[in-house]
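Worksheet: one structure, shown below.
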Amino acid sequence: MTAPPSSDAAAPAVPAAAQPAALWWAEVRATVHLALPLIVTQLGQVAIRTIDTVMLGWLGPEQLAGGALGINFYFPLYLFGLGVGVAVSPMAAQALGARDFRAVRHSVRQGFWAVTLIGLLFSVLIWNAAPLLRLLGQAENSIVLAEAYLHAAVWGLIPSLLVIVLRAFVVAHSRPRAALVVIVAGACLHALGDYTLMFGHFGFPAFGVAGAGISNSLVQWLMLLALLGYTQWDRRFRRYALLARFWSANWPRFREVLRIGMPIGLTILAESGLFAAALYVMGVLGTAQLAAHAIALQCAAVAFMVPLGIGQAATVRVGLAAGRGDRPAVGRAGWIALALGAGFSIAPAAVFWFLPHTVIDLFLDLSAPGSLEVAAIAVSFLAVAAVFQLFDGLQIIAAGALRGLKDTRTPMLVALVSYWPIGFGACLLLAFPAGLGGLGIWLGLALGLVMVAGLLVLRFHRRERFWRPPTPVSPPAGL
């Protein structure tokens with residue numbers, strides 16, 4: 001049953017300085033405890049893509065460019081579906097805070113429905129990517145290689161989105177370690193699969209670029225089966241009977257998944273689409289620029305996984321506080337997460353600025369033709385990436401805290417305007433009229449991130465200051 005509202009539910013906001021220090025330190029511990037396994041999970045997730053990029057680089061600059069083209073067509077679509085699946089996290093967290101266990105189960109079930117529908121639609125688009133890539137002016141040899149990757153990877157799209165929903169379910173219970181184990185094991189299997197199928201080891205034929213897609217699809221299915229099996233085995237999760245009456249619709253809950261998740265998906269798509277569009281512009285500038293962009297972008301993506309994990313923790317911590325009507329705890333959860341993300345950003349910024357060659361050498365065989373040119377360009381891109389680490393982290397954590405309040409529409413509008421008219425417009429102006437080429441594109445990306453970070457932090461400040469809990473409604477008993 002829903003707990004009664006606290007006596008200060010309608011009281012004025014409590015200034016941060018007036019809240020006991022013990023509560024802030026308790027929130028720090030809780031956020032770090034939840035965020036650490038989420039960060040490792042995200043690193044395991046991005047490792048799958050990083051492994052592809054590294055091994056494509058071992059095949060050669062041409063294969064790296066073609067494979068990167070395919071990955072960056074697939075990835076924004078996957079991220080949109082991920083955004084819809086992520087909606088289950090604040091919905092489940094708020095339901096748990098209110099002790100409405102039936103709403104948790106219905107949120108997960110309708111999340112399965114939503115991402116499966118989106119996965120089917122996007123699979124058709126991915127399968128027919130080649131004509132779209134030609135319209136974008138990409139080189140024909142890169143398109144052929146990208147199509148080989150996409151036709152193999154598309155079979156893993158739907159299971160990968162179902163994994164996101166299950167992750168949101170277990171993370172809402174502050175038990176992310178099962179997802180961590182499954183995804184880290186999946187990354188290790190993917191590395192073995194790439195090594196086997198791309199290069200033809202252990203008696204298998206060498207599939208080249210397509211081998212990365214085959215490995216990705218196989219691993220996504222294995223991760224889905226493993227995480228689904230865990231939720232059916234664990235006593236705490238088994239009681240939800242997630243698969244019982246699977247085809248029983250809860251249309252209000254389905255609409256809520258889409259209402260919260262579609263803006264999240266569009267927000268993520270706005271950012272990832274900006275980087276993907278930058279990649280297509282890089283393709284016009286030449287293979288060396290494209291390959292260097294793929295390397296620098298992958299490095300930034302790895303560093304981004306830490307604030308992304310903190311942002312996911314912020315969604316749960318803010319959502320739990322909101323669900324139980326604890327307004328001061330909403331503010332503490334959000335600001336602690338933002339402070340942790342800002343502090344972390346110093347480390348990757350220093351690596352990108354002072355040790356760029358150490359990072360780049362992981363991706364390239366410098367004895368291969370054209371590799372030295374790619375490395376020199378990538379160094380300049382990493383210098384810009386070092387500068388925008390702080391803002392990239394702040395924007396995703398602020399967005400995560402706002403999701404905990406189910407505030408997703410305004411962040412979507414902020415992202416669409418800041419990333420596209422401002423960010424992408426600056427990319428084009430700096431790359432071509434200003435004559436900065438690929439470096440101009442990265443400076444435009446940085447401008448978009450600065451705008452989004454500033455506006456979302458201000459949005460959270462306003463929301464947590466004036467937020468009031470909704471009128472509590474007693475849920476049905478049981479599951």
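Ligands are numbered from 1 in the order shown, chains are lettered A, B, ... in the order of the structure tokens, and residues start at 1 in each chain.
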(request) Within 10 Å of Arg463 of chain A, counting only C-alpha atoms, which residues show up once you throw out same-chain ones fewer than 2 positions away? Write them as a ChimeraX atom specification, please. (result) /A:330-331,402,405,407,457-461,465-468
File of the preceding selection, C-alpha atoms, as a short mmCIF file (atom, residue, chain, number, x, y, z; two decimals), in the first residue's frame:
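Printed below is out.cif as written:
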```cif
data_model
loop_
_atom_site.label_atom_id
_atom_site.label_comp_id
_atom_site.auth_asym_id
_atom_site.auth_seq_id
_atom_site.Cartn_x
_atom_site.Cartn_y
_atom_site.Cartn_z
CA VAL A 330 14.97 14.62 -4.84
CA GLY A 331 17.33 17.60 -4.76
CA LEU A 402 14.98 14.88 -14.78
CA LEU A 405 10.81 13.07 -12.19
CA ASP A 407 10.35 15.12 -17.04
CA VAL A 457 21.28 21.82 -15.28
CA LEU A 458 19.19 24.98 -15.03
CA ARG A 459 16.05 22.92 -15.73
CA PHE A 460 16.83 20.50 -12.91
CA HIS A 461 17.57 23.38 -10.54
CA ARG A 465 13.25 23.66 -6.18
CA PHE A 466 9.53 23.84 -7.00
CA TRP A 467 8.63 20.14 -7.27
CA ARG A 468 5.64 18.90 -5.29
#
```
(message) Quick one: residues within 10 Å of Ala30 of chain A, only C-alpha atoms, excluding same-chain residues fewer than 4 positions away - as number ranges by chain?
(response) A: 24-26, 34-35, 174, 313, 317, 333
Filtering to N, CA and C atoms, could you give me those residues as a JSON list (two decimals), in the first residue's frame?
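The file below, selection_23.json, is the result:
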```
[["chain", "number", "residue", "atom", "x", "y", "z"],
["A", 24, "TRP", "N", 23.38, 14.10, 3.21],
["A", 24, "TRP", "CA", 24.14, 14.26, 1.96],
["A", 24, "TRP", "C", 25.17, 13.14, 1.81],
["A", 25, "TRP", "N", 25.87, 12.81, 2.91],
["A", 25, "TRP", "CA", 26.86, 11.73, 2.81],
["A", 25, "TRP", "C", 26.18, 10.38, 2.58],
["A", 26, "ALA", "N", 25.02, 10.20, 3.17],
["A", 26, "ALA", "CA", 24.28, 8.96, 2.92],
["A", 26, "ALA", "C", 23.89, 8.86, 1.45],
["A", 34, "LEU", "N", 25.22, 2.41, -6.14],
["A", 34, "LEU", "CA", 24.42, 2.04, -7.30],
["A", 34, "LEU", "C", 25.15, 2.32, -8.60],
["A", 35, "ALA", "N", 25.88, 3.44, -8.66],
["A", 35, "ALA", "CA", 26.48, 3.86, -9.93],
["A", 35, "ALA", "C", 27.66, 2.99, -10.35],
["A", 174, "SER", "N", 17.67, -1.34, -7.36],
["A", 174, "SER", "CA", 19.03, -1.10, -6.85],
["A", 174, "SER", "C", 19.83, -2.39, -6.78],
["A", 313, "ALA", "N", 21.98, 6.04, -12.34],
["A", 313, "ALA", "CA", 21.79, 5.99, -10.88],
["A", 313, "ALA", "C", 20.94, 7.17, -10.42],
["A", 317, "ARG", "N", 17.61, 7.04, -8.12],
["A", 317, "ARG", "CA", 17.59, 7.69, -6.81],
["A", 317, "ARG", "C", 16.55, 8.81, -6.77],
["A", 333, "ALA", "N", 19.61, 13.87, -4.39],
["A", 333, "ALA", "CA", 20.01, 12.83, -5.34],
["A", 333, "ALA", "C", 20.53, 13.44, -6.63]]
```
Tell me, counting only C-alpha atoms, for each residue of segment 82-186 of chain A within 8 Å of segment 261-275 of chain A, which pair of atoms is nearest and how far apart they are in Å to one decimal, in rows ordered by chain and increasing number, as a Markdown table.
```
| residue | atom | partner | partner_atom | distance |
| --- | --- | --- | --- | --- |
| A:Leu82 | CA | A:Gly265 | CA | 6.8 |
| A:Gly83 | CA | A:Gly265 | CA | 3.9 |
| A:Val84 | CA | A:Gly261 | CA | 3.8 |
| A:Gly85 | CA | A:Gly261 | CA | 6.7 |
| A:Val86 | CA | A:Gly261 | CA | 6.8 |
| A:Ala87 | CA | A:Gly261 | CA | 4.7 |
```
For the selection just defined, write its residues with N, CA and C atoms to a file, as an mmCIF file, in the first residue's frame.
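Now in result.cif:
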```
data_model
loop_
_atom_site.group_PDB
_atom_site.id
_atom_site.type_symbol
_atom_site.label_atom_id
_atom_site.label_comp_id
_atom_site.auth_asym_id
_atom_site.auth_seq_id
_atom_site.Cartn_x
_atom_site.Cartn_y
_atom_site.Cartn_z
ATOM 1 N N LEU A 82 16.631 2.205 -27.208
ATOM 2 C CA LEU A 82 17.125 2.185 -25.824
ATOM 3 C C LEU A 82 16.401 3.231 -24.984
ATOM 4 N N GLY A 83 16.202 4.435 -25.554
ATOM 5 C CA GLY A 83 15.523 5.487 -24.809
ATOM 6 C C GLY A 83 14.122 5.088 -24.403
ATOM 7 N N VAL A 84 13.408 4.398 -25.293
ATOM 8 C CA VAL A 84 12.066 3.943 -24.957
ATOM 9 C C VAL A 84 12.138 2.896 -23.844
ATOM 10 N N GLY A 85 13.091 1.969 -23.957
ATOM 11 C CA GLY A 85 13.250 0.963 -22.909
ATOM 12 C C GLY A 85 13.643 1.554 -21.574
ATOM 13 N N VAL A 86 14.460 2.611 -21.596
ATOM 14 C CA VAL A 86 14.911 3.267 -20.365
ATOM 15 C C VAL A 86 13.743 3.879 -19.598
ATOM 16 N N ALA A 87 12.634 4.181 -20.291
ATOM 17 C CA ALA A 87 11.464 4.746 -19.601
ATOM 18 C C ALA A 87 10.972 3.833 -18.493
#
```
Using only C-alpha atoms, what table do you get, as CSV, when you list each residue of segment 273-321 of chain A with an atom no more than 9 Å from segment 96-100 of chain A, its nearest pair of atoms, and their distance in Å rounded to one decimal, rows by chain then rising number?
```
residue,atom,partner,partner_atom,distance
A:Gly319,CA,A:Gly97,CA,7.5
A:Leu320,CA,A:Gly97,CA,4.7
A:Ala321,CA,A:Gly97,CA,6.8
```
Next, dump the selected residues to file, keeping only N, CA and C atoms, as a compact mmCIF listing (two decimals), in the first residue's frame.
```txt
# COMPACT_ATOMS: atom_id res chain seq x y z
N GLY A 319 13.93 8.99 -8.75
CA GLY A 319 12.63 8.35 -8.90
C GLY A 319 12.13 7.75 -7.60
N LEU A 320 13.00 7.09 -6.86
CA LEU A 320 12.60 6.52 -5.57
C LEU A 320 12.17 7.61 -4.59
N ALA A 321 12.94 8.72 -4.56
CA ALA A 321 12.59 9.83 -3.67
C ALA A 321 11.25 10.45 -4.08
```
(request) Any chance you could list, as number ranges by chain, the residues in segment 183-353 of chain A that come up alpha helix (DSSP H) when DSSP is run on the backbone? (result) A: 183-199, 209-233, 235-238, 251-285, 287-323, 327-344, 346-353
Residues near Leu429 of chain A, anyone? I mean within 12 Å using only C-alpha atoms, not counting same-chain ones fewer than 2 positions away, as a PDB file with N, CA and C atoms, in the first residue's frame.
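Listed below is the output, result.pdb:
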```pdb
ATOM      1  N   VAL A 281      29.500  13.687 -42.707  1.00  0.00           N
ATOM      2  CA  VAL A 281      30.236  14.830 -43.253  1.00  0.00           C
ATOM      3  C   VAL A 281      31.726  14.508 -43.336  1.00  0.00           C
ATOM      4  N   PRO A 421      20.057  22.927 -34.911  1.00  0.00           N
ATOM      5  CA  PRO A 421      20.291  24.254 -35.485  1.00  0.00           C
ATOM      6  C   PRO A 421      21.606  24.881 -35.013  1.00  0.00           C
ATOM      7  N   ILE A 422      21.934  24.676 -33.725  1.00  0.00           N
ATOM      8  CA  ILE A 422      23.138  25.305 -33.182  1.00  0.00           C
ATOM      9  C   ILE A 422      24.368  24.427 -33.406  1.00  0.00           C
ATOM     10  N   GLY A 423      24.348  23.198 -32.875  1.00  0.00           N
ATOM     11  CA  GLY A 423      25.539  22.343 -32.949  1.00  0.00           C
ATOM     12  C   GLY A 423      25.903  21.944 -34.363  1.00  0.00           C
ATOM     13  N   PHE A 424      24.953  21.350 -35.097  1.00  0.00           N
ATOM     14  CA  PHE A 424      25.273  20.888 -36.448  1.00  0.00           C
ATOM     15  C   PHE A 424      25.484  22.063 -37.392  1.00  0.00           C
ATOM     16  N   GLY A 425      24.728  23.159 -37.179  1.00  0.00           N
ATOM     17  CA  GLY A 425      24.973  24.355 -37.986  1.00  0.00           C
ATOM     18  C   GLY A 425      26.401  24.850 -37.810  1.00  0.00           C
ATOM     19  N   ALA A 426      26.883  24.844 -36.560  1.00  0.00           N
ATOM     20  CA  ALA A 426      28.267  25.263 -36.307  1.00  0.00           C
ATOM     21  C   ALA A 426      29.257  24.291 -36.944  1.00  0.00           C
ATOM     22  N   CYS A 427      28.943  22.990 -36.928  1.00  0.00           N
ATOM     23  CA  CYS A 427      29.813  22.005 -37.578  1.00  0.00           C
ATOM     24  C   CYS A 427      30.033  22.347 -39.048  1.00  0.00           C
ATOM     25  N   ALA A 431      33.492  23.785 -40.585  1.00  0.00           N
ATOM     26  CA  ALA A 431      34.196  22.824 -41.437  1.00  0.00           C
ATOM     27  C   ALA A 431      34.450  23.368 -42.835  1.00  0.00           C
ATOM     28  N   PHE A 432      33.464  24.076 -43.395  1.00  0.00           N
ATOM     29  CA  PHE A 432      33.573  24.454 -44.808  1.00  0.00           C
ATOM     30  C   PHE A 432      33.829  25.946 -45.016  1.00  0.00           C
ATOM     31  N   PRO A 433      32.902  26.860 -44.714  1.00  0.00           N
ATOM     32  CA  PRO A 433      33.240  28.276 -44.930  1.00  0.00           C
ATOM     33  C   PRO A 433      34.473  28.731 -44.150  1.00  0.00           C
ATOM     34  N   ALA A 434      34.588  28.266 -42.898  1.00  0.00           N
ATOM     35  CA  ALA A 434      35.748  28.657 -42.093  1.00  0.00           C
ATOM     36  C   ALA A 434      37.008  27.876 -42.451  1.00  0.00           C
ATOM     37  N   GLY A 435      36.851  26.769 -43.196  1.00  0.00           N
ATOM     38  CA  GLY A 435      38.003  26.018 -43.680  1.00  0.00           C
ATOM     39  C   GLY A 435      38.722  25.176 -42.651  1.00  0.00           C
ATOM     40  N   LEU A 436      38.046  24.833 -41.537  1.00  0.00           N
ATOM     41  CA  LEU A 436      38.713  24.043 -40.497  1.00  0.00           C
ATOM     42  C   LEU A 436      38.580  22.539 -40.702  1.00  0.00           C
ATOM     43  N   GLY A 437      37.781  22.116 -41.664  1.00  0.00           N
ATOM     44  CA  GLY A 437      37.644  20.691 -41.957  1.00  0.00           C
ATOM     45  C   GLY A 437      37.109  19.907 -40.775  1.00  0.00           C
ATOM     46  N   GLY A 438      37.721  18.747 -40.528  1.00  0.00           N
ATOM     47  CA  GLY A 438      37.260  17.869 -39.459  1.00  0.00           C
ATOM     48  C   GLY A 438      37.345  18.513 -38.085  1.00  0.00           C
ATOM     49  N   LEU A 439      38.363  19.343 -37.853  1.00  0.00           N
ATOM     50  CA  LEU A 439      38.478  20.016 -36.555  1.00  0.00           C
ATOM     51  C   LEU A 439      37.295  20.941 -36.326  1.00  0.00           C
ATOM     52  N   GLY A 440      36.823  21.607 -37.361  1.00  0.00           N
ATOM     53  CA  GLY A 440      35.655  22.464 -37.241  1.00  0.00           C
ATOM     54  C   GLY A 440      34.416  21.677 -36.861  1.00  0.00           C
ATOM     55  N   ILE A 441      34.292  20.463 -37.382  1.00  0.00           N
ATOM     56  CA  ILE A 441      33.155  19.617 -37.027  1.00  0.00           C
ATOM     57  C   ILE A 441      33.177  19.305 -35.537  1.00  0.00           C
ATOM     58  N   TRP A 442      34.342  18.978 -35.008  1.00  0.00           N
ATOM     59  CA  TRP A 442      34.431  18.659 -33.573  1.00  0.00           C
ATOM     60  C   TRP A 442      34.187  19.887 -32.699  1.00  0.00           C
ATOM     61  N   LEU A 443      34.600  21.065 -33.151  1.00  0.00           N
ATOM     62  CA  LEU A 443      34.300  22.278 -32.389  1.00  0.00           C
ATOM     63  C   LEU A 443      32.797  22.547 -32.363  1.00  0.00           C
ATOM     64  N   GLY A 444      32.103  22.257 -33.467  1.00  0.00           N
ATOM     65  CA  GLY A 444      30.652  22.392 -33.500  1.00  0.00           C
ATOM     66  C   GLY A 444      29.972  21.420 -32.546  1.00  0.00           C
ATOM     67  N   LEU A 445      30.492  20.190 -32.487  1.00  0.00           N
ATOM     68  CA  LEU A 445      29.953  19.214 -31.536  1.00  0.00           C
ATOM     69  C   LEU A 445      30.088  19.718 -30.099  1.00  0.00           C
TER      70      LEU A 445
END
```
(message) Could you list, as a ChimeraX atom specification, every residue within 7 Å of segment 69-71 of chain A, counting only C-alpha atoms and ignoring same-chain residues fewer than 3 positions away?
(response) /A:65-66,74-75,146-147,149-150
Would you mind exporting N, CA and C atoms of the selected residues as an mmCIF file, in the first residue's frame?
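Generated file (selection08.cif):
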```
data_model
loop_
_atom_site.group_PDB
_atom_site.id
_atom_site.type_symbol
_atom_site.label_atom_id
_atom_site.label_comp_id
_atom_site.auth_asym_id
_atom_site.auth_seq_id
_atom_site.Cartn_x
_atom_site.Cartn_y
_atom_site.Cartn_z
ATOM 1 N N ALA A 65 36.767 2.342 -42.006
ATOM 2 C CA ALA A 65 35.845 3.373 -42.469
ATOM 3 C C ALA A 65 34.485 2.768 -42.826
ATOM 4 N N GLY A 66 34.483 1.642 -43.551
ATOM 5 C CA GLY A 66 33.228 1.008 -43.943
ATOM 6 C C GLY A 66 32.467 0.457 -42.751
ATOM 7 N N TYR A 74 23.559 2.025 -37.589
ATOM 8 C CA TYR A 74 22.824 1.144 -36.673
ATOM 9 C C TYR A 74 22.645 1.783 -35.301
ATOM 10 N N PHE A 75 23.704 2.408 -34.800
ATOM 11 C CA PHE A 75 23.745 2.794 -33.397
ATOM 12 C C PHE A 75 22.718 3.857 -33.017
ATOM 13 N N ALA A 146 29.682 -1.493 -45.182
ATOM 14 C CA ALA A 146 28.676 -1.161 -44.164
ATOM 15 C C ALA A 146 27.456 -2.066 -44.283
ATOM 16 N N GLU A 147 27.030 -2.356 -45.513
ATOM 17 C CA GLU A 147 25.868 -3.214 -45.714
ATOM 18 C C GLU A 147 26.143 -4.630 -45.215
ATOM 19 N N TYR A 149 28.038 -5.472 -42.749
ATOM 20 C CA TYR A 149 27.925 -5.424 -41.291
ATOM 21 C C TYR A 149 26.467 -5.361 -40.855
ATOM 22 N N LEU A 150 25.682 -4.484 -41.481
ATOM 23 C CA LEU A 150 24.307 -4.249 -41.053
ATOM 24 C C LEU A 150 23.412 -5.466 -41.264
#
```
(message) Using only C-alpha atoms, which protein or nucleic acid residues come within 7 Å of segment 102-117 of chain A? Drop anything in the same chain fewer than 6 positions from it, and give the result as a list in words.
(response) Gly81, Val84, Gly85, Val88, Met91, Ala92, Ala95, Ile158, Leu161, Leu162, Val165, Phe169, Tyr240, Leu242, Phe246, Asn250, Arg253, Phe254, Val257, Gly478 and Leu479 of chain A
Let me see the file: selected residues, C-alpha atoms, as a tab-separated table (two decimals), in the first residue's frame.
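Now in out-v1.tsv:
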```
chain	number	residue	atom	x	y	z
A	81	GLY	CA	14.92	2.13	-28.91
A	84	VAL	CA	12.07	3.94	-24.96
A	85	GLY	CA	13.25	0.96	-22.91
A	88	VAL	CA	10.82	1.61	-17.55
A	91	MET	CA	8.33	4.26	-13.95
A	92	ALA	CA	9.45	1.23	-11.95
A	95	ALA	CA	6.17	2.63	-8.40
A	158	ILE	CA	15.30	-6.66	-30.83
A	161	LEU	CA	16.35	-3.69	-26.68
A	162	LEU	CA	14.66	-6.35	-24.55
A	165	VAL	CA	14.04	-3.24	-20.38
A	169	PHE	CA	13.77	-3.51	-14.07
A	240	TYR	CA	6.63	-10.42	-10.45
A	242	LEU	CA	7.02	-10.97	-15.84
A	246	PHE	CA	2.37	-11.68	-21.46
A	250	ASN	CA	-2.40	-2.49	-20.08
A	253	ARG	CA	0.74	1.84	-18.99
A	254	PHE	CA	1.76	1.21	-22.63
A	257	VAL	CA	5.97	4.02	-21.64
A	478	GLY	CA	-0.54	-7.70	-4.20
A	479	LEU	CA	0.91	-8.12	-7.69
```
(message) Give me, as a PyMOL selection string, all polymer residues having an atom no more than 9 Å from segment 210-225 of chain A, counting only C-alpha atoms and skipping those fewer than 3 positions away in the same chain.
(response) chain A and resi 48-49+51-52+55-56+67+145-160+162-163+166+179+182-183+185-187+189-199+206-207+228-230
(request) Please indicate the distance in Å from atom CA of Ala226 of chain A to atom CA of Gly309 of chain A, rounded to one decimal place. (result)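 So the answer is 21.4 Å.
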(message) For a quick check of understanding, using only C-alpha atoms, which of A:Ala368, A:Ala301, A:Leu135, A:Val387 has the smallest distance to Trp353 of chain A?
(response) A:Val387
